[in-house]
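To be precise, the following lines are target12.pdb, and they hold PDB, C-alpha atoms, pLDDT in the B column.
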```pdb
MODEL        1
ATOM      1  CA  MET A 158      16.290 -17.465   1.981  1.00 40.00           C
ATOM      2  CA  ILE A 159      14.734 -14.203   0.857  1.00 46.00           C
ATOM      3  CA  ASP A 160      15.822 -12.860  -2.508  1.00 56.00           C
ATOM      4  CA  PRO A 161      17.535  -9.536  -1.681  1.00 55.00           C
ATOM      5  CA  GLN A 162      15.947  -8.051  -4.782  1.00 72.00           C
ATOM      6  CA  ARG A 163      12.516  -8.916  -3.370  1.00 83.00           C
ATOM      7  CA  GLN A 164      12.712  -8.512   0.379  1.00 89.00           C
ATOM      8  CA  PHE A 165       8.962  -7.901   0.330  1.00 94.00           C
ATOM      9  CA  ALA A 166       8.118 -11.376  -1.054  1.00 92.00           C
ATOM     10  CA  GLY A 167       5.498 -13.040   1.108  1.00 94.00           C
ATOM     11  CA  ALA A 168       4.011  -9.723   2.236  1.00 97.00           C
ATOM     12  CA  ARG A 169       0.301  -9.072   2.594  1.00 97.00           C
ATOM     13  CA  LEU A 170      -0.909  -5.703   1.268  1.00 98.00           C
ATOM     14  CA  LEU A 171      -4.179  -3.824   1.161  1.00 98.00           C
ATOM     15  CA  VAL A 172      -4.764  -2.172  -2.230  1.00 98.00           C
ATOM     16  CA  VAL A 173      -7.277   0.680  -2.212  1.00 98.00           C
ATOM     17  CA  ASP A 174      -8.367   2.040  -5.590  1.00 97.00           C
ATOM     18  CA  ASP A 175     -11.781   2.996  -6.939  1.00 96.00           C
ATOM     19  CA  ALA A 176     -10.780   2.294 -10.555  1.00 96.00           C
ATOM     20  CA  ASP A 177     -11.351  -1.409 -11.190  1.00 95.00           C
ATOM     21  CA  ILE A 178      -8.695  -1.615 -13.909  1.00 95.00           C
ATOM     22  CA  SER A 179      -6.044   0.010 -11.678  1.00 95.00           C
ATOM     23  CA  ALA A 180      -6.912  -2.258  -8.762  1.00 96.00           C
ATOM     24  CA  GLU A 181      -6.799  -5.342 -11.004  1.00 96.00           C
ATOM     25  CA  LEU A 182      -3.470  -4.283 -12.511  1.00 96.00           C
ATOM     26  CA  ALA A 183      -1.945  -3.667  -9.064  1.00 97.00           C
ATOM     27  CA  ALA A 184      -3.250  -7.017  -7.782  1.00 97.00           C
ATOM     28  CA  GLU A 185      -1.856  -8.860 -10.815  1.00 97.00           C
ATOM     29  CA  MET A 186       1.547  -7.183 -10.451  1.00 96.00           C
ATOM     30  CA  LEU A 187       1.638  -7.970  -6.739  1.00 97.00           C
ATOM     31  CA  GLN A 188       0.805 -11.625  -7.377  1.00 96.00           C
ATOM     32  CA  ASN A 189       3.672 -11.738  -9.891  1.00 94.00           C
ATOM     33  CA  LEU A 190       5.931 -10.387  -7.129  1.00 94.00           C
ATOM     34  CA  ASP A 191       4.817 -13.086  -4.633  1.00 95.00           C
ATOM     35  CA  VAL A 192       2.726 -10.635  -2.609  1.00 97.00           C
ATOM     36  CA  THR A 193      -0.768 -11.412  -1.342  1.00 97.00           C
ATOM     37  CA  CYS A 194      -3.291  -8.607  -1.581  1.00 97.00           C
ATOM     38  CA  VAL A 195      -6.769  -7.683  -0.507  1.00 98.00           C
ATOM     39  CA  VAL A 196      -8.534  -5.055  -2.629  1.00 98.00           C
ATOM     40  CA  ALA A 197     -10.875  -2.321  -1.414  1.00 98.00           C
ATOM     41  CA  SER A 198     -12.716  -0.103  -3.887  1.00 97.00           C
ATOM     42  CA  GLU A 199     -12.874   3.013  -1.702  1.00 97.00           C
ATOM     43  CA  GLY A 200     -11.482   4.600   1.433  1.00 98.00           C
ATOM     44  CA  SER A 201     -14.426   3.725   3.654  1.00 97.00           C
ATOM     45  CA  ALA A 202     -14.250   0.084   2.528  1.00 98.00           C
ATOM     46  CA  ALA A 203     -10.542   0.030   3.409  1.00 98.00           C
ATOM     47  CA  LEU A 204     -11.300   1.355   6.895  1.00 98.00           C
ATOM     48  CA  ALA A 205     -13.990  -1.303   7.348  1.00 98.00           C
ATOM     49  CA  ILE A 206     -11.517  -4.038   6.370  1.00 98.00           C
ATOM     50  CA  LEU A 207      -8.835  -2.648   8.689  1.00 98.00           C
ATOM     51  CA  ALA A 208     -11.311  -2.458  11.572  1.00 97.00           C
ATOM     52  CA  VAL A 209     -11.606  -6.261  11.557  1.00 97.00           C
ATOM     53  CA  ASP A 210      -8.254  -7.256  10.023  1.00 97.00           C
ATOM     54  CA  SER A 211      -5.203  -5.068  10.517  1.00 96.00           C
ATOM     55  CA  ASN A 212      -2.698  -7.808   9.664  1.00 96.00           C
ATOM     56  CA  PHE A 213      -1.210  -6.059   6.637  1.00 97.00           C
ATOM     57  CA  ASP A 214       2.448  -5.365   5.905  1.00 98.00           C
ATOM     58  CA  GLY A 215       1.559  -2.262   3.910  1.00 98.00           C
ATOM     59  CA  ILE A 216      -1.143  -0.346   2.072  1.00 98.00           C
ATOM     60  CA  LEU A 217      -1.210   0.918  -1.517  1.00 98.00           C
ATOM     61  CA  LEU A 218      -3.600   3.848  -1.546  1.00 98.00           C
ATOM     62  CA  ASP A 219      -5.026   5.736  -4.518  1.00 97.00           C
ATOM     63  CA  CYS A 220      -5.123   9.467  -3.803  1.00 95.00           C
ATOM     64  CA  GLU A 221      -8.142  10.342  -5.961  1.00 94.00           C
ATOM     65  CA  MET A 222     -11.287   8.521  -4.840  1.00 95.00           C
ATOM     66  CA  PRO A 223     -14.827   9.904  -4.756  1.00 93.00           C
ATOM     67  CA  ASP A 224     -16.141   8.832  -1.359  1.00 90.00           C
ATOM     68  CA  MET A 225     -13.059   9.479   0.745  1.00 96.00           C
ATOM     69  CA  ASP A 226      -9.831  10.488  -0.944  1.00 96.00           C
ATOM     70  CA  GLY A 227      -6.515   8.829  -0.166  1.00 97.00           C
ATOM     71  CA  TYR A 228      -5.345  11.716   1.992  1.00 97.00           C
ATOM     72  CA  ALA A 229      -8.330  11.477   4.356  1.00 98.00           C
ATOM     73  CA  THR A 230      -8.120   7.688   4.289  1.00 98.00           C
ATOM     74  CA  ALA A 231      -4.430   7.766   5.259  1.00 98.00           C
ATOM     75  CA  GLN A 232      -5.180  10.113   8.162  1.00 98.00           C
ATOM     76  CA  ALA A 233      -7.955   7.819   9.376  1.00 98.00           C
ATOM     77  CA  ILE A 234      -5.693   4.765   9.089  1.00 98.00           C
ATOM     78  CA  ARG A 235      -2.983   6.486  11.127  1.00 97.00           C
ATOM     79  CA  ALA A 236      -5.545   7.119  13.891  1.00 97.00           C
ATOM     80  CA  MET A 237      -6.472   3.418  14.111  1.00 97.00           C
ATOM     81  CA  ALA A 238      -4.939   1.294  16.863  1.00 94.00           C
ATOM     82  CA  GLY A 239      -1.890  -0.635  15.695  1.00 94.00           C
ATOM     83  CA  LEU A 240      -1.622   1.080  12.320  1.00 97.00           C
ATOM     84  CA  ALA A 241       0.480   4.133  13.134  1.00 95.00           C
ATOM     85  CA  ASP A 242       3.573   2.572  11.560  1.00 95.00           C
ATOM     86  CA  VAL A 243       2.216   0.486   8.687  1.00 98.00           C
ATOM     87  CA  PRO A 244       3.786   1.691   5.425  1.00 98.00           C
ATOM     88  CA  ILE A 245       1.265   3.515   3.235  1.00 98.00           C
ATOM     89  CA  LEU A 246       2.315   4.136  -0.351  1.00 98.00           C
ATOM     90  CA  ALA A 247       0.343   6.620  -2.435  1.00 97.00           C
ATOM     91  CA  MET A 248      -0.618   5.447  -5.917  1.00 95.00           C
ATOM     92  CA  THR A 249      -1.122   8.579  -7.939  1.00 92.00           C
ATOM     93  CA  GLY A 250      -0.663  10.373 -11.215  1.00 87.00           C
ATOM     94  CA  HIS A 251       0.372  13.459  -9.259  1.00 80.00           C
ATOM     95  CA  THR A 252       4.079  13.546  -9.979  1.00 80.00           C
ATOM     96  CA  THR A 253       5.228  17.068  -9.266  1.00 85.00           C
ATOM     97  CA  PRO A 254       7.504  17.884  -6.324  1.00 86.00           C
ATOM     98  CA  GLU A 255       4.718  20.104  -4.948  1.00 89.00           C
ATOM     99  CA  ASP A 256       2.511  17.019  -4.450  1.00 89.00           C
ATOM    100  CA  MET A 257       4.871  15.250  -2.044  1.00 92.00           C
ATOM    101  CA  PRO A 258       4.351  17.481   1.013  1.00 94.00           C
ATOM    102  CA  HIS A 259       0.577  16.836   0.870  1.00 94.00           C
ATOM    103  CA  ILE A 260       1.195  13.086   0.534  1.00 95.00           C
ATOM    104  CA  LEU A 261       3.585  13.046   3.492  1.00 96.00           C
ATOM    105  CA  GLU A 262       1.437  15.341   5.667  1.00 97.00           C
ATOM    106  CA  SER A 263      -1.509  12.979   5.273  1.00 96.00           C
ATOM    107  CA  GLY A 264       0.515  10.132   6.764  1.00 97.00           C
ATOM    108  CA  MET A 265       1.626   8.336   3.638  1.00 97.00           C
ATOM    109  CA  ASN A 266       5.279   7.321   3.424  1.00 97.00           C
ATOM    110  CA  ALA A 267       6.048   7.457  -0.284  1.00 96.00           C
ATOM    111  CA  ARG A 268       4.555   7.636  -3.761  1.00 95.00           C
ATOM    112  CA  ILE A 269       4.310   5.197  -6.634  1.00 95.00           C
ATOM    113  CA  THR A 270       3.336   7.005  -9.804  1.00 92.00           C
ATOM    114  CA  LYS A 271       0.625   5.838 -12.145  1.00 92.00           C
ATOM    115  CA  PRO A 272       0.551   4.237 -14.528  1.00 93.00           C
ATOM    116  CA  LEU A 273       2.111   1.517 -12.414  1.00 94.00           C
ATOM    117  CA  SER A 274       5.108  -0.369 -13.711  1.00 93.00           C
ATOM    118  CA  LEU A 275       6.406  -3.621 -12.292  1.00 93.00           C
ATOM    119  CA  GLN A 276       9.892  -2.155 -11.872  1.00 93.00           C
ATOM    120  CA  ARG A 277       8.755   0.978  -9.971  1.00 93.00           C
ATOM    121  CA  LEU A 278       6.382  -1.061  -7.831  1.00 95.00           C
ATOM    122  CA  SER A 279       9.110  -3.571  -6.979  1.00 95.00           C
ATOM    123  CA  THR A 280      11.597  -0.811  -6.148  1.00 94.00           C
ATOM    124  CA  GLU A 281       9.205   0.972  -3.763  1.00 95.00           C
ATOM    125  CA  LEU A 282       8.063  -2.250  -2.116  1.00 96.00           C
ATOM    126  CA  ASN A 283      11.688  -3.193  -1.512  1.00 95.00           C
ATOM    127  CA  LEU A 284      12.248   0.147   0.232  1.00 95.00           C
ATOM    128  CA  TRP A 285       9.177   0.042   2.463  1.00 97.00           C
ATOM    129  CA  ILE A 286       7.670  -3.418   2.894  1.00 97.00           C
ATOM    130  CA  ARG A 287       8.941  -6.120   5.235  1.00 94.00           C
ATOM    131  CA  PRO A 288       6.621  -9.124   5.618  1.00 94.00           C
ATOM    132  CA  ARG A 289       5.886  -9.811   9.274  1.00 86.00           C
ATOM    133  CA  ALA A 290       5.092 -13.468   8.601  1.00 68.00           C
ATOM    134  CA  VAL A 291       8.480 -14.034   6.937  1.00 53.00           C
ATOM    135  CA  ALA A 292      10.309 -12.122   9.695  1.00 50.00           C
ATOM    136  CA  ALA A 293       8.509 -14.128  12.385  1.00 50.00           C
ATOM    137  CA  SER A 294       9.386 -17.474  10.798  1.00 49.00           C
ATOM    138  CA  ALA A 295      13.020 -16.411  10.312  1.00 50.00           C
ATOM    139  CA  GLY A 296      13.258 -15.597  14.019  1.00 52.00           C
ATOM    140  CA  SER A 297      12.022 -19.045  15.138  1.00 48.00           C
TER     141      SER A 297
ENDMDL
END
```
Rewritten as C-alpha coordinates:
Amino acid sequence: MIDPQRQFAGARLLVVDDADISAELAAEMLQNLDVTCVVASEGSAALAILAVDSNFDGILLDCEMPDMDGYATAQAIRAMAGLADVPILAMTGHTTPEDMPHILESGMNARITKPLSLQRLSTELNLWIRPRAVAASAGS
(Lines of atoms letter the chains of each structure in order from A and count residues from 1; the text may use other names and numbers.)
(Lines give C-alpha, C1' and ligand atoms only; values in the text may rest on other atoms or scores of the structure.)
Protein backbone atom coordinates (compact mmCIF):
# COMPACT_ATOMS: atom_id res chain seq x y z
CA MET A 1 0.00 0.00 0.00
CA ILE A 2 1.24 3.46 -0.88
CA ASP A 3 1.73 5.89 1.98
CA PRO A 4 -0.78 8.70 1.27
CA GLN A 5 1.82 11.19 2.45
CA ARG A 6 4.19 9.92 -0.24
CA GLN A 7 2.09 8.98 -3.24
CA PHE A 8 5.17 9.61 -5.37
CA ALA A 9 7.24 6.85 -3.71
CA GLY A 10 8.71 4.56 -6.34
CA ALA A 11 8.76 7.28 -8.99
CA ARG A 12 11.60 7.81 -11.44
CA LEU A 13 12.63 11.44 -12.02
CA LEU A 14 15.08 13.27 -14.22
CA VAL A 15 16.94 16.01 -12.32
CA VAL A 16 18.51 18.70 -14.50
CA ASP A 17 20.84 21.16 -12.79
CA ASP A 18 24.21 22.56 -13.81
CA ALA A 19 25.30 23.16 -10.20
CA ASP A 20 26.81 19.92 -8.93
CA ILE A 21 25.95 20.65 -5.29
CA SER A 22 22.29 21.37 -6.12
CA ALA A 23 22.02 18.23 -8.24
CA GLU A 24 23.63 16.12 -5.50
CA LEU A 25 21.36 17.61 -2.84
CA ALA A 26 18.24 16.97 -4.95
CA ALA A 27 19.35 13.39 -5.69
CA GLU A 28 20.04 12.71 -2.00
CA MET A 29 16.65 14.12 -0.96
CA LEU A 30 14.88 12.09 -3.64
CA GLN A 31 16.61 8.90 -2.51
CA ASN A 32 15.46 9.64 1.05
CA LEU A 33 11.91 9.92 -0.34
CA ASP A 34 12.14 6.53 -2.13
CA VAL A 35 12.43 8.14 -5.56
CA THR A 36 14.91 7.00 -8.20
CA CYS A 37 16.62 9.74 -10.17
CA VAL A 38 18.85 10.26 -13.15
CA VAL A 39 20.89 13.48 -13.17
CA ALA A 40 21.74 15.64 -16.18
CA SER A 41 24.09 18.60 -15.84
CA GLU A 42 22.54 20.76 -18.56
CA GLY A 43 19.50 21.14 -20.78
CA SER A 44 21.06 19.57 -23.85
CA ALA A 45 22.17 16.55 -21.81
CA ALA A 46 18.61 16.15 -20.52
CA LEU A 47 17.26 16.18 -24.08
CA ALA A 48 19.83 13.56 -25.10
CA ILE A 49 18.75 11.32 -22.20
CA LEU A 50 15.06 11.78 -23.02
CA ALA A 51 15.69 10.98 -26.69
CA VAL A 52 16.69 7.42 -25.73
CA ASP A 53 14.80 6.99 -22.43
CA SER A 54 11.55 8.84 -21.84
CA ASN A 55 10.39 6.55 -19.03
CA PHE A 56 10.29 9.23 -16.34
CA ASP A 57 7.42 10.10 -14.01
CA GLY A 58 8.56 13.71 -13.80
CA ILE A 59 11.39 16.18 -14.34
CA LEU A 60 12.98 18.62 -11.89
CA LEU A 61 14.45 21.40 -13.99
CA ASP A 62 16.76 24.22 -12.94
CA CYS A 63 15.77 27.46 -14.64
CA GLU A 64 19.22 29.07 -14.79
CA MET A 65 21.68 27.00 -16.83
CA PRO A 66 24.37 28.30 -19.18
CA ASP A 67 24.00 26.12 -22.27
CA MET A 68 20.22 25.96 -22.49
CA ASP A 69 18.14 27.47 -19.72
CA GLY A 70 15.27 25.61 -18.09
CA TYR A 71 12.64 27.55 -20.02
CA ALA A 72 14.04 26.53 -23.42
CA THR A 73 14.63 23.00 -22.15
CA ALA A 74 11.02 22.69 -20.98
CA GLN A 75 9.76 23.89 -24.37
CA ALA A 76 11.95 21.34 -26.15
CA ILE A 77 10.77 18.56 -23.83
CA ARG A 78 7.13 19.43 -24.50
CA ALA A 79 7.80 19.08 -28.25
CA MET A 80 9.20 15.55 -27.84
CA ALA A 81 6.95 12.58 -28.59
CA GLY A 82 5.32 11.15 -25.48
CA LEU A 83 6.43 13.93 -23.15
CA ALA A 84 3.66 16.49 -23.57
CA ASP A 85 2.12 15.55 -20.22
CA VAL A 86 5.10 14.61 -18.05
CA PRO A 87 5.16 16.86 -14.97
CA ILE A 88 8.02 19.36 -15.10
CA LEU A 89 8.79 21.19 -11.88
CA ALA A 90 11.01 24.26 -11.99
CA MET A 91 13.78 24.39 -9.40
CA THR A 92 14.60 28.04 -8.97
CA GLY A 93 15.49 30.86 -6.64
CA HIS A 94 13.05 33.06 -8.54
CA THR A 95 10.25 33.35 -6.02
CA THR A 96 8.24 36.39 -7.00
CA PRO A 97 4.70 36.11 -8.37
CA GLU A 98 5.94 37.73 -11.59
CA ASP A 99 8.16 34.69 -12.26
CA MET A 100 5.31 32.17 -12.40
CA PRO A 101 3.81 33.19 -15.76
CA HIS A 102 7.20 32.68 -17.47
CA ILE A 103 7.57 29.28 -15.78
CA LEU A 104 4.08 28.18 -16.85
CA GLU A 105 4.38 29.59 -20.39
CA SER A 106 7.52 27.55 -20.96
CA GLY A 107 5.62 24.34 -20.23
CA MET A 108 6.58 23.74 -16.64
CA ASN A 109 3.79 22.82 -14.22
CA ALA A 110 4.96 24.24 -10.91
CA ARG A 111 7.91 25.64 -8.99
CA ILE A 112 10.02 24.36 -6.13
CA THR A 113 12.06 27.17 -4.65
CA LYS A 114 15.74 26.92 -3.90
CA PRO A 115 17.30 26.26 -1.58
CA LEU A 116 15.46 22.96 -1.63
CA SER A 117 13.93 21.61 1.54
CA LEU A 118 12.76 18.06 2.05
CA GLN A 119 9.32 19.25 3.15
CA ARG A 120 8.73 21.53 0.12
CA LEU A 121 10.07 18.90 -2.25
CA SER A 122 7.83 16.22 -0.75
CA THR A 123 4.77 18.49 -0.89
CA GLU A 124 5.27 19.35 -4.57
CA LEU A 125 6.04 15.77 -5.55
CA ASN A 126 2.86 14.64 -3.83
CA LEU A 127 0.87 17.15 -5.89
CA TRP A 128 2.38 16.30 -9.27
CA ILE A 129 4.12 12.93 -9.40
CA ARG A 130 2.41 9.56 -9.80
CA PRO A 131 4.76 6.64 -10.47
CA ARG A 132 3.70 4.72 -13.56
CA ALA A 133 5.42 1.54 -12.39
CA VAL A 134 3.49 1.56 -9.10
CA ALA A 135 0.20 2.37 -10.87
CA ALA A 136 0.78 -0.44 -13.38
CA SER A 137 1.47 -3.02 -10.68
CA ALA A 138 -1.57 -1.89 -8.67
CA GLY A 139 -3.77 -2.43 -11.73
CA SER A 140 -2.61 -6.04 -12.27
- Excluding region 254-261 of chain A and any residue of its chain fewer than 5 positions from it, enumerate the residues within 9 Å of it, using all atoms listed in the file, and give them as a list in words. Cys220, Gly227, Tyr228, Ala247, Asn266, Ala267 and Arg268 of chain A
CA of Lys271 (chain A) sits from CA of Asp177 (chain A) at a separation of 14.0 Å
Between A:Ser263, A:Val195, A:Asp210, A:Leu284, single out the one closest to Arg163 (chain A), counting only C-alpha atoms.
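Once distances to Arg163 (chain A) are computed over only C-alpha atoms, the minimum belongs to A:Leu284.
Candidate residues A:Leu187, A:Leu275, A:Thr270, A:Phe165 were compared for distance to Thr253 (chain A), and the nearest is A:Thr270, using only C-alpha atoms.
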Separation of CA of Leu171 (chain A) and CA of Ala184 (chain A), in Å?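 Atom-to-atom, CA of Leu171 (chain A) to CA of Ala184 (chain A), that is 9.5 Å.
CA of Leu246 (chain A) is positioned 6.7 Å from CA of Ile269 (chain A).
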Size and centre in Å, one decimal, axis-aligned box, all listed region 268-276 of chain A atoms plus 3 Å per side, as JSON:
```
{"center_x": 5.2, "center_y": 2.0, "center_z": -9.1, "size_x": 15.3, "size_y": 17.3, "size_z": 16.8}
```
In terms of all atoms listed in the file, the residue from A:Ser274, A:Ser279, A:Gln188, A:Thr252 at minimal distance from Gln164 (chain A) is A:Ser279
**Item:** Selection result of the PyMOL selection byres ((chain A and resi 175) around 9) on this file, as a PyMOL selection string
**Value:** chain A and resi 173-174+176-180+197-200+219+221-223
Counting only C-alpha atoms, closest pick from A:Asp191, A:Pro272, A:Arg289, A:Gly215 relative to His251 (chain A) is A:Pro272
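Ranking A:Met237, A:Met265, A:Met248, A:Leu190 by their shortest atom-to-atom distance to Leu204 (chain A), with only C-alpha atoms included, puts A:Met237 first.
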Min atom-atom distance to Glu262 (chain A) from the set A:Ala231, A:Leu278, A:Leu217, A:Leu182, counting all atoms listed in the file, belongs to A:Ala231
